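File shown here: start.cif, holding mmCIF, C-alpha atoms.
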```cif
data_start
#
loop_
_atom_site.label_atom_id
_atom_site.label_comp_id
_atom_site.auth_asym_id
_atom_site.auth_seq_id
_atom_site.Cartn_x
_atom_site.Cartn_y
_atom_site.Cartn_z
CA MET A 1 0.00 0.00 0.00
CA SER A 2 2.50 2.61 1.11
CA GLU A 3 4.94 1.77 -1.67
CA ILE A 4 2.23 2.49 -4.24
CA LEU A 5 1.67 5.81 -2.46
CA THR A 6 5.39 6.49 -2.68
CA TYR A 7 5.41 5.93 -6.44
CA ILE A 8 2.30 8.08 -6.90
CA LEU A 9 3.87 10.91 -4.90
CA GLY A 10 7.05 10.62 -6.95
CA GLY A 11 5.04 10.85 -10.17
CA ILE A 12 3.15 13.89 -8.87
CA SER A 13 6.36 15.64 -7.86
CA ILE A 14 8.00 15.07 -11.25
CA ALA A 15 4.89 16.15 -13.17
CA THR A 16 4.38 19.32 -11.13
CA ALA A 17 8.09 20.16 -11.32
CA LEU A 18 7.87 19.98 -15.12
CA LEU A 19 4.77 22.19 -15.01
CA VAL A 20 6.70 24.73 -12.88
CA VAL A 21 9.31 25.02 -15.60
CA PHE A 22 7.01 24.99 -18.62
CA SER A 23 3.91 26.93 -17.56
CA LYS A 24 3.68 30.41 -19.03
CA ASN A 25 1.97 32.19 -16.13
CA PRO A 26 4.29 32.80 -13.12
CA VAL A 27 1.42 32.45 -10.62
CA HIS A 28 0.66 28.97 -11.97
CA SER A 29 4.36 28.13 -11.59
CA VAL A 30 4.27 29.12 -7.91
CA LEU A 31 1.13 27.08 -7.28
CA TYR A 32 2.62 24.02 -8.99
CA LEU A 33 5.78 24.42 -6.93
CA ILE A 34 3.66 24.38 -3.76
CA LEU A 35 2.19 21.07 -4.98
CA THR A 36 5.70 19.73 -5.58
CA PHE A 37 6.72 20.67 -2.05
CA PHE A 38 3.63 19.02 -0.60
CA SER A 39 4.36 15.79 -2.47
CA ILE A 40 7.95 15.86 -1.17
CA ALA A 41 6.48 16.38 2.32
CA GLY A 42 4.40 13.26 1.71
CA GLN A 43 7.59 11.34 0.92
CA TYR A 44 9.04 12.52 4.22
CA ILE A 45 6.11 11.17 6.19
CA LEU A 46 6.36 7.84 4.35
CA LEU A 47 10.05 7.75 5.35
CA ASN A 48 8.88 8.35 8.95
CA ALA A 49 10.71 11.70 9.09
CA GLN A 50 7.94 13.52 10.92
CA PHE A 51 9.97 16.53 11.98
CA LEU A 52 11.02 17.17 8.39
CA PHE A 53 7.42 16.78 7.25
CA ILE A 54 6.24 19.51 9.62
CA VAL A 55 9.16 21.80 8.79
CA GLN A 56 8.66 21.27 5.05
CA VAL A 57 4.96 22.15 5.27
CA ILE A 58 5.46 25.15 7.55
CA VAL A 59 8.68 26.62 6.15
CA TYR A 60 8.59 25.74 2.45
CA SER A 61 4.94 25.42 1.50
CA GLY A 62 3.92 28.02 4.07
CA ALA A 63 6.49 30.73 4.46
CA ILE A 64 8.75 30.63 1.40
CA MET A 65 6.09 30.07 -1.23
CA VAL A 66 3.81 32.72 0.28
CA LEU A 67 6.77 35.10 0.08
CA PHE A 68 7.20 34.22 -3.61
CA LEU A 69 3.49 34.71 -4.30
CA PHE A 70 3.52 37.98 -2.37
CA VAL A 71 6.42 39.38 -4.38
CA LEU A 72 4.80 38.20 -7.62
CA MET A 73 1.57 40.01 -6.77
CA LEU A 74 3.43 43.07 -5.47
CA LEU A 75 5.35 43.48 -8.73
CA ASN A 76 2.13 42.81 -10.67
CA LEU A 77 3.70 40.05 -12.74
CA ASN A 78 0.66 37.77 -12.67
CA LYS A 79 0.23 37.86 -16.40
CA ASP A 80 2.45 36.27 -18.99
CA THR A 81 4.32 39.41 -19.98
CA GLU A 82 7.62 37.61 -19.72
CA PRO A 83 9.59 37.77 -22.96
CA GLN A 84 10.37 34.21 -23.97
CA LYS A 85 13.79 33.03 -24.94
CA GLU A 86 14.22 31.96 -28.53
CA ASN A 87 13.38 28.34 -29.22
CA MET A 88 17.02 27.64 -30.00
CA PHE A 89 18.05 28.63 -26.46
CA LYS A 90 15.18 26.67 -24.96
CA LEU A 91 16.25 23.58 -26.88
CA MET A 92 19.82 24.10 -25.70
CA GLY A 93 18.63 24.35 -22.10
CA VAL A 94 16.59 21.16 -22.36
CA VAL A 95 19.46 19.32 -24.04
CA ALA A 96 21.92 20.50 -21.36
CA GLY A 97 19.58 19.41 -18.56
CA GLY A 98 18.99 16.07 -20.25
CA LEU A 99 22.72 15.50 -20.71
CA LEU A 100 23.26 16.22 -17.01
CA LEU A 101 20.55 13.68 -16.18
CA VAL A 102 22.09 11.08 -18.50
CA SER A 103 25.58 11.59 -17.11
CA ILE A 104 24.45 11.38 -13.47
CA VAL A 105 22.39 8.25 -14.18
CA GLY A 106 25.35 6.71 -16.00
CA MET A 107 27.56 7.50 -13.03
CA LEU A 108 25.03 5.94 -10.64
CA LYS A 109 24.90 2.77 -12.72
CA GLY A 110 28.59 2.25 -12.00
CA ILE A 111 28.19 2.32 -8.22
CA GLY A 112 26.63 -1.10 -7.93
CA HIS A 113 25.12 -2.28 -4.68
CA ILE A 114 24.82 0.17 -1.78
CA ASN A 115 25.41 -1.41 1.61
CA LEU A 116 22.61 -0.52 3.98
CA PRO A 117 21.92 -1.90 7.45
CA GLU A 118 19.28 -4.64 7.66
CA ASN A 119 17.13 -3.16 10.40
CA PRO A 120 17.57 0.60 10.66
CA ASP A 121 16.15 2.44 13.66
CA SER A 122 12.76 3.72 12.51
CA GLN A 123 12.42 6.28 15.30
CA ILE A 124 15.22 8.64 14.25
CA GLY A 125 12.90 11.05 12.44
CA MET A 126 10.90 11.87 15.55
CA VAL A 127 11.03 15.36 17.02
CA LYS A 128 12.37 14.11 20.34
CA ASN A 129 15.30 12.22 18.88
CA LEU A 130 16.25 14.96 16.41
CA GLY A 131 15.99 17.57 19.15
CA LEU A 132 18.35 15.59 21.35
CA VAL A 133 20.91 15.35 18.54
CA LEU A 134 20.42 19.00 17.54
CA PHE A 135 21.05 20.33 21.02
CA SER A 136 23.95 18.01 21.83
CA ASP A 137 26.07 17.60 18.68
CA TYR A 138 24.88 20.57 16.63
CA VAL A 139 24.59 23.39 19.17
CA VAL A 140 27.22 25.59 17.51
CA PRO A 141 25.74 25.36 13.97
CA PHE A 142 22.32 25.98 15.46
CA GLU A 143 23.48 29.20 17.10
CA LEU A 144 25.36 30.20 13.95
CA SER A 145 22.17 29.78 11.93
CA SER A 146 20.50 32.37 14.16
CA ILE A 147 23.29 34.80 13.25
CA LEU A 148 22.72 33.91 9.59
CA PHE A 149 19.03 34.70 9.96
CA LEU A 150 19.79 38.00 11.65
CA SER A 151 22.19 39.03 8.89
CA GLY A 152 19.72 37.84 6.25
CA MET A 153 17.00 39.94 7.84
CA VAL A 154 19.21 43.02 8.03
CA GLY A 155 20.36 42.47 4.45
CA ALA A 156 16.81 42.07 3.13
CA VAL A 157 15.64 45.27 4.84
CA LEU A 158 18.73 47.18 3.72
CA ILE A 159 18.45 46.07 0.09
CA GLY A 160 14.68 46.33 -0.11
CA LYS A 161 14.12 49.77 1.38
CA LYS A 162 13.53 52.78 -0.84
CA GLU A 163 16.51 55.01 -1.49
CA SER A 164 14.63 58.23 -0.81
CA THR A 165 17.18 59.49 1.70
CA ASP A 166 20.24 60.02 -0.44
CA ILE A 167 23.67 59.94 1.10
CA ASN A 168 24.85 63.25 -0.34
CA MET B 1 5.49 3.26 8.20
CA THR B 2 8.65 1.23 7.90
CA GLU B 3 7.05 -0.82 5.11
CA VAL B 4 8.38 1.74 2.66
CA LEU B 5 11.94 0.99 3.71
CA LYS B 6 11.37 -2.74 3.17
CA HIS B 7 9.57 -2.58 -0.16
CA VAL B 8 11.04 0.47 -1.90
CA SER B 9 14.72 0.36 -2.75
CA ILE B 10 17.00 3.34 -2.13
CA ASP B 11 17.59 3.50 -5.90
CA TYR B 12 14.07 4.85 -6.35
CA TYR B 13 14.88 7.88 -4.19
CA ILE B 14 18.25 8.39 -5.88
CA TYR B 15 16.69 8.48 -9.34
CA LEU B 16 13.70 10.57 -8.25
CA SER B 17 15.90 13.25 -6.74
CA THR B 18 18.25 13.16 -9.75
CA ILE B 19 15.31 13.79 -12.06
CA LEU B 20 14.00 16.62 -9.87
CA PHE B 21 17.46 18.19 -9.72
CA CYS B 22 17.82 18.07 -13.51
CA ILE B 23 14.38 19.62 -13.97
CA GLY B 24 15.55 22.43 -11.69
CA VAL B 25 18.74 22.92 -13.75
CA MET B 26 16.66 22.96 -16.92
CA GLY B 27 14.37 25.61 -15.47
CA VAL B 28 17.31 27.83 -14.51
CA LEU B 29 18.63 27.52 -18.07
CA ILE B 30 15.46 28.10 -20.08
CA ARG B 31 13.48 30.68 -18.11
CA ARG B 32 14.12 34.43 -18.15
CA ASN B 33 11.85 35.45 -15.28
CA ALA B 34 14.14 35.87 -12.26
CA ILE B 35 11.45 34.72 -9.81
CA ILE B 36 11.03 31.44 -11.68
CA VAL B 37 14.82 31.01 -11.73
CA LEU B 38 14.87 31.44 -7.94
CA MET B 39 12.04 28.92 -7.64
CA CYS B 40 13.97 26.40 -9.69
CA VAL B 41 16.93 26.82 -7.33
CA GLU B 42 14.53 25.99 -4.49
CA LEU B 43 13.44 22.89 -6.40
CA MET B 44 17.07 21.77 -6.69
CA LEU B 45 17.61 22.30 -2.94
CA ASN B 46 14.49 20.26 -2.24
CA SER B 47 15.61 17.34 -4.38
CA VAL B 48 18.88 17.20 -2.43
CA ASN B 49 16.90 17.39 0.83
CA LEU B 50 14.81 14.41 -0.25
CA LEU B 51 17.93 12.35 -0.95
CA PHE B 52 19.46 13.31 2.41
CA ALA B 53 16.28 12.31 4.23
CA ALA B 54 16.02 9.02 2.32
CA PHE B 55 19.60 7.99 3.08
CA SER B 56 19.17 9.06 6.69
CA ALA B 57 16.05 6.90 7.05
CA TYR B 58 17.58 3.89 5.29
CA ARG B 59 20.75 4.04 7.39
CA GLY B 60 19.00 4.86 10.66
CA ASP B 61 21.27 7.85 11.15
CA ALA B 62 19.86 11.16 12.39
CA ASN B 63 22.68 13.35 11.03
CA GLY B 64 21.23 13.42 7.51
CA GLN B 65 17.90 14.77 8.69
CA LEU B 66 19.62 17.50 10.69
CA PHE B 67 21.54 18.44 7.58
CA VAL B 68 18.20 18.84 5.80
CA PHE B 69 17.10 21.14 8.61
CA PHE B 70 20.18 23.34 8.16
CA ILE B 71 19.71 23.41 4.38
CA MET B 72 16.16 24.67 4.96
CA VAL B 73 17.50 27.38 7.28
CA VAL B 74 19.98 28.56 4.65
CA ALA B 75 17.31 28.38 1.90
CA ALA B 76 14.95 30.57 3.90
CA ALA B 77 17.62 33.24 4.44
CA GLU B 78 18.61 33.00 0.76
CA VAL B 79 15.03 33.51 -0.42
CA ALA B 80 14.55 36.56 1.81
CA VAL B 81 17.67 38.27 0.45
CA GLY B 82 17.06 37.08 -3.12
CA LEU B 83 13.53 38.43 -3.25
CA ALA B 84 14.71 41.74 -1.79
CA ILE B 85 17.28 41.94 -4.61
CA LEU B 86 14.51 41.14 -7.11
CA VAL B 87 12.26 43.93 -5.79
CA MET B 88 15.23 46.30 -6.03
CA MET B 89 15.93 45.16 -9.59
CA TYR B 90 12.29 45.67 -10.56
CA ARG B 91 12.35 49.16 -9.12
CA ASN B 92 15.37 50.07 -11.25
CA THR B 93 14.64 48.32 -14.54
CA LYS B 94 10.82 47.86 -14.36
CA SER B 95 11.32 44.20 -15.26
CA VAL B 96 12.51 40.94 -13.74
CA ASP B 97 14.11 39.69 -16.94
CA VAL B 98 17.50 38.15 -16.10
CA SER B 99 18.85 38.82 -19.60
CA LEU B 100 18.79 42.56 -18.87
CA LEU B 101 21.44 42.02 -16.21
CA ASP B 102 24.43 41.78 -18.53
CA LYS B 103 26.36 44.87 -17.47
CA LEU B 104 29.31 42.75 -16.35
CA LYS B 105 29.65 41.42 -19.88
CA HIS B 106 30.54 44.80 -21.41
#
```

Kindly return the structure encoded in the file as structure tokens.
Amino acid sequence: MSEILTYILGGISIATALLVVFSKNPVHSVLYLILTFFSIAGQYILLNAQFLFIVQVIVYSGAIMVLFLFVLMLLNLNKDTEPQKENMFKLMGVVAGGLLLVSIVGMLKGIGHINLPENPDSQIGMVKNLGLVLFSDYVVPFELSSILFLSGMVGAVLIGKKESTDIN
Amino acid sequence: MTEVLKHVSIDYYIYLSTILFCIGVMGVLIRRNAIIVLMCVELMLNSVNLLFAAFSAYRGDANGQLFVFFIMVVAAAEVAVGLAILVMMYRNTKSVDVSLLDKLKH
């Protein structure tokens, strides 16, 4: 049952990712990307990574995509005014992406069998376990990420604010 | 919940995330709208996250899932700054077309 669900979610994520790239209207692209993120969140819950599921839904599908949609509406780009690249360049992009796919798949074919443990601990994705690891082994990166957020916030405000008050 | 680990091989997740990553690369190459380009970068980050989470679950090792958490942290900060740059660019050029940004070429 759940493996069928896994394959269905994989199909949905690939299809919606293609629609993100090829749909003309930017708002449709954003909405398809939200669907892609939800299907990836579904994969997380099938892998029993519940913390990642919640974070994916809240941070990606919630915060980041709403920010994208907000900027799109703010700049009034919700119509297909985007000048398209010439078909030659589009073809080159598709061929380059396809060649990357072929070369990575060819590389993966050479790996052979991957050694994995027989009975992995299924409880590692729980909030309790990840919290214990995060606050014991990863305290320093965790604190550093708060500094990163602070600098990101300051940078976004500094870049985004109107330059009405000139320096001179 | 652990049925997935028994019945689905890790290869499925490897190929799925490879395909998603390549779709993201393709989007960066063929689109001119800077917002869509940024979204395709997010798609690439997400495909890597999926692979990290899959390997972490199959190995029973929590470090991979914490790495995903930190990637999400960095992605959120990146999107905030990137969208601020986009708004700034729109204010100056009245467009979000990436092919207008070729001043470094000349």

Taking (18.7, 39.5, 1.4) in the file's own coordinates, collect the residues within 8 Å, counting only C-alpha atoms, and hand them back as a list in words.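 Residues found, by chain and rising number: Gly152, Met153, Val154, Gly155, Ala156, Val157 and Ile159 of chain A; Ala77, Glu78, Val79, Ala80, Val81, Gly82, Leu83, Ala84 and Ile85 of chain B.
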
Taking all atoms listed in the file into account, which of B:Leu86, B:Val98, B:Phe67, B:Gly60 comes nearest chain A?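 Under the stated criterion, the closest residue is B:Gly60.
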
What is the atom CA of A:Asn119-atom CA of B:Ala53 distance in Å, reported with one decimal?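 Going from atom CA of A:Asn119 over to atom CA of B:Ala53 covers 16.7 Å.
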
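Excluding A:Ala49 and any residue on its chain fewer than 2 positions from it, the residues at most 8 Å away by all atoms listed in the file are Tyr44, Ile45, Leu46, Leu47, Phe51, Leu52, Phe53, Ile124, Gly125 and Met126 of chain A; Ala53, Ala57 and Gln65 of chain B.
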
Write out as a ChimeraX atom specification each polymer residue whose atoms come within 8 Å of B:Met39, counting only C-alpha atoms; drop sequence neighbours fewer than 4 positions from it. /A:30,33 /B:35,43

Here is a test: counting only C-alpha atoms, which residue of A:Val102, A:Leu31, A:Ile114, A:Ile64 is nearest to A:Leu19? A:Leu31

What gap, in Å, lies between atom CA of B:Phe52 and atom CA of A:Ile54?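 Atom CA of A:Ile54 lies 16.3 Å from atom CA of B:Phe52.
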
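One distance worth recording is that between atom CA of A:Val71 and atom CA of A:Lys162, which is 15.6 Å.
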
Residues within 10 Å of stretch 3-11 of chain B, only C-alpha atoms, excluding chain neighbours under 6 positions, as number ranges by chain: A: 1-7, 43, 46-48, 108, 113-114, 116, 118-120, 122; B: 17, 51, 54-55, 57-58

Would you mind exporting the chosen residues as a CSV table (one decimal), keeping the file's coordinate frame, restricted to C-alpha atoms?
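Dumped to part17.csv:
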```csv
chain,number,residue,atom,x,y,z
A,1,MET,CA,0.0,0.0,0.0
A,2,SER,CA,2.5,2.6,1.1
A,3,GLU,CA,4.9,1.8,-1.7
A,4,ILE,CA,2.2,2.5,-4.2
A,5,LEU,CA,1.7,5.8,-2.5
A,6,THR,CA,5.4,6.5,-2.7
A,7,TYR,CA,5.4,5.9,-6.4
A,43,GLN,CA,7.6,11.3,0.9
A,46,LEU,CA,6.4,7.8,4.4
A,47,LEU,CA,10.0,7.8,5.4
A,48,ASN,CA,8.9,8.4,9.0
A,108,LEU,CA,25.0,5.9,-10.6
A,113,HIS,CA,25.1,-2.3,-4.7
A,114,ILE,CA,24.8,0.2,-1.8
A,116,LEU,CA,22.6,-0.5,4.0
A,118,GLU,CA,19.3,-4.6,7.7
A,119,ASN,CA,17.1,-3.2,10.4
A,120,PRO,CA,17.6,0.6,10.7
A,122,SER,CA,12.8,3.7,12.5
B,17,SER,CA,15.9,13.2,-6.7
B,51,LEU,CA,17.9,12.4,-1.0
B,54,ALA,CA,16.0,9.0,2.3
B,55,PHE,CA,19.6,8.0,3.1
B,57,ALA,CA,16.0,6.9,7.0
B,58,TYR,CA,17.6,3.9,5.3
```

Expand the PyMOL selection byres ((chain B and resi 24) around 12) into the individual residues it matches in the shown file, reporting them as a PDB file with C-alpha atoms, in the frame of the given file.
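After the write, part33.pdb holds the following:
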```
ATOM      1  CA  ILE A  14       8.000  15.070 -11.250  1.00  0.00           C
ATOM      2  CA  THR A  16       4.380  19.320 -11.130  1.00  0.00           C
ATOM      3  CA  ALA A  17       8.090  20.160 -11.320  1.00  0.00           C
ATOM      4  CA  LEU A  18       7.870  19.980 -15.120  1.00  0.00           C
ATOM      5  CA  LEU A  19       4.770  22.190 -15.010  1.00  0.00           C
ATOM      6  CA  VAL A  20       6.700  24.730 -12.880  1.00  0.00           C
ATOM      7  CA  VAL A  21       9.310  25.020 -15.600  1.00  0.00           C
ATOM      8  CA  PHE A  22       7.010  24.990 -18.620  1.00  0.00           C
ATOM      9  CA  LEU A  33       5.780  24.420  -6.930  1.00  0.00           C
ATOM     10  CA  THR A  36       5.700  19.730  -5.580  1.00  0.00           C
ATOM     11  CA  GLY A  93      18.630  24.350 -22.100  1.00  0.00           C
ATOM     12  CA  VAL A  94      16.590  21.160 -22.360  1.00  0.00           C
ATOM     13  CA  ALA A  96      21.920  20.500 -21.360  1.00  0.00           C
ATOM     14  CA  GLY A  97      19.580  19.410 -18.560  1.00  0.00           C
ATOM     15  CA  GLY A  98      18.990  16.070 -20.250  1.00  0.00           C
ATOM     16  CA  LEU A 100      23.260  16.220 -17.010  1.00  0.00           C
ATOM     17  CA  LEU A 101      20.550  13.680 -16.180  1.00  0.00           C
TER      18      LEU A 101
ATOM     19  CA  SER B  17      15.900  13.250  -6.740  1.00  0.00           C
ATOM     20  CA  THR B  18      18.250  13.160  -9.750  1.00  0.00           C
ATOM     21  CA  ILE B  19      15.310  13.790 -12.060  1.00  0.00           C
ATOM     22  CA  LEU B  20      14.000  16.620  -9.870  1.00  0.00           C
ATOM     23  CA  PHE B  21      17.460  18.190  -9.720  1.00  0.00           C
ATOM     24  CA  CYS B  22      17.820  18.070 -13.510  1.00  0.00           C
ATOM     25  CA  ILE B  23      14.380  19.620 -13.970  1.00  0.00           C
ATOM     26  CA  VAL B  25      18.740  22.920 -13.750  1.00  0.00           C
ATOM     27  CA  MET B  26      16.660  22.960 -16.920  1.00  0.00           C
ATOM     28  CA  GLY B  27      14.370  25.610 -15.470  1.00  0.00           C
ATOM     29  CA  VAL B  28      17.310  27.830 -14.510  1.00  0.00           C
ATOM     30  CA  LEU B  29      18.630  27.520 -18.070  1.00  0.00           C
ATOM     31  CA  ILE B  30      15.460  28.100 -20.080  1.00  0.00           C
ATOM     32  CA  ARG B  31      13.480  30.680 -18.110  1.00  0.00           C
ATOM     33  CA  ILE B  36      11.030  31.440 -11.680  1.00  0.00           C
ATOM     34  CA  VAL B  37      14.820  31.010 -11.730  1.00  0.00           C
ATOM     35  CA  LEU B  38      14.870  31.440  -7.940  1.00  0.00           C
ATOM     36  CA  MET B  39      12.040  28.920  -7.640  1.00  0.00           C
ATOM     37  CA  CYS B  40      13.970  26.400  -9.690  1.00  0.00           C
ATOM     38  CA  VAL B  41      16.930  26.820  -7.330  1.00  0.00           C
ATOM     39  CA  GLU B  42      14.530  25.990  -4.490  1.00  0.00           C
ATOM     40  CA  LEU B  43      13.440  22.890  -6.400  1.00  0.00           C
ATOM     41  CA  MET B  44      17.070  21.770  -6.690  1.00  0.00           C
ATOM     42  CA  LEU B  45      17.610  22.300  -2.940  1.00  0.00           C
ATOM     43  CA  ASN B  46      14.490  20.260  -2.240  1.00  0.00           C
ATOM     44  CA  SER B  47      15.610  17.340  -4.380  1.00  0.00           C
ATOM     45  CA  VAL B  48      18.880  17.200  -2.430  1.00  0.00           C
TER      46      VAL B  48
END
```

Which residue is closest to A:Glu163? Choose from B:Ala62, B:Met88, B:Val74, B:Leu16 and count all atoms listed in the file.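 Ranking B:Ala62, B:Met88, B:Val74, B:Leu16 by distance to A:Glu163, first place goes to B:Met88.
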
Which is closer to B:Lys94 than all the others in A:Ile12, A:Leu150, A:Leu75, A:Val95, using only C-alpha atoms?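 Using only C-alpha atoms, B:Lys94 sits closest to A:Leu75.
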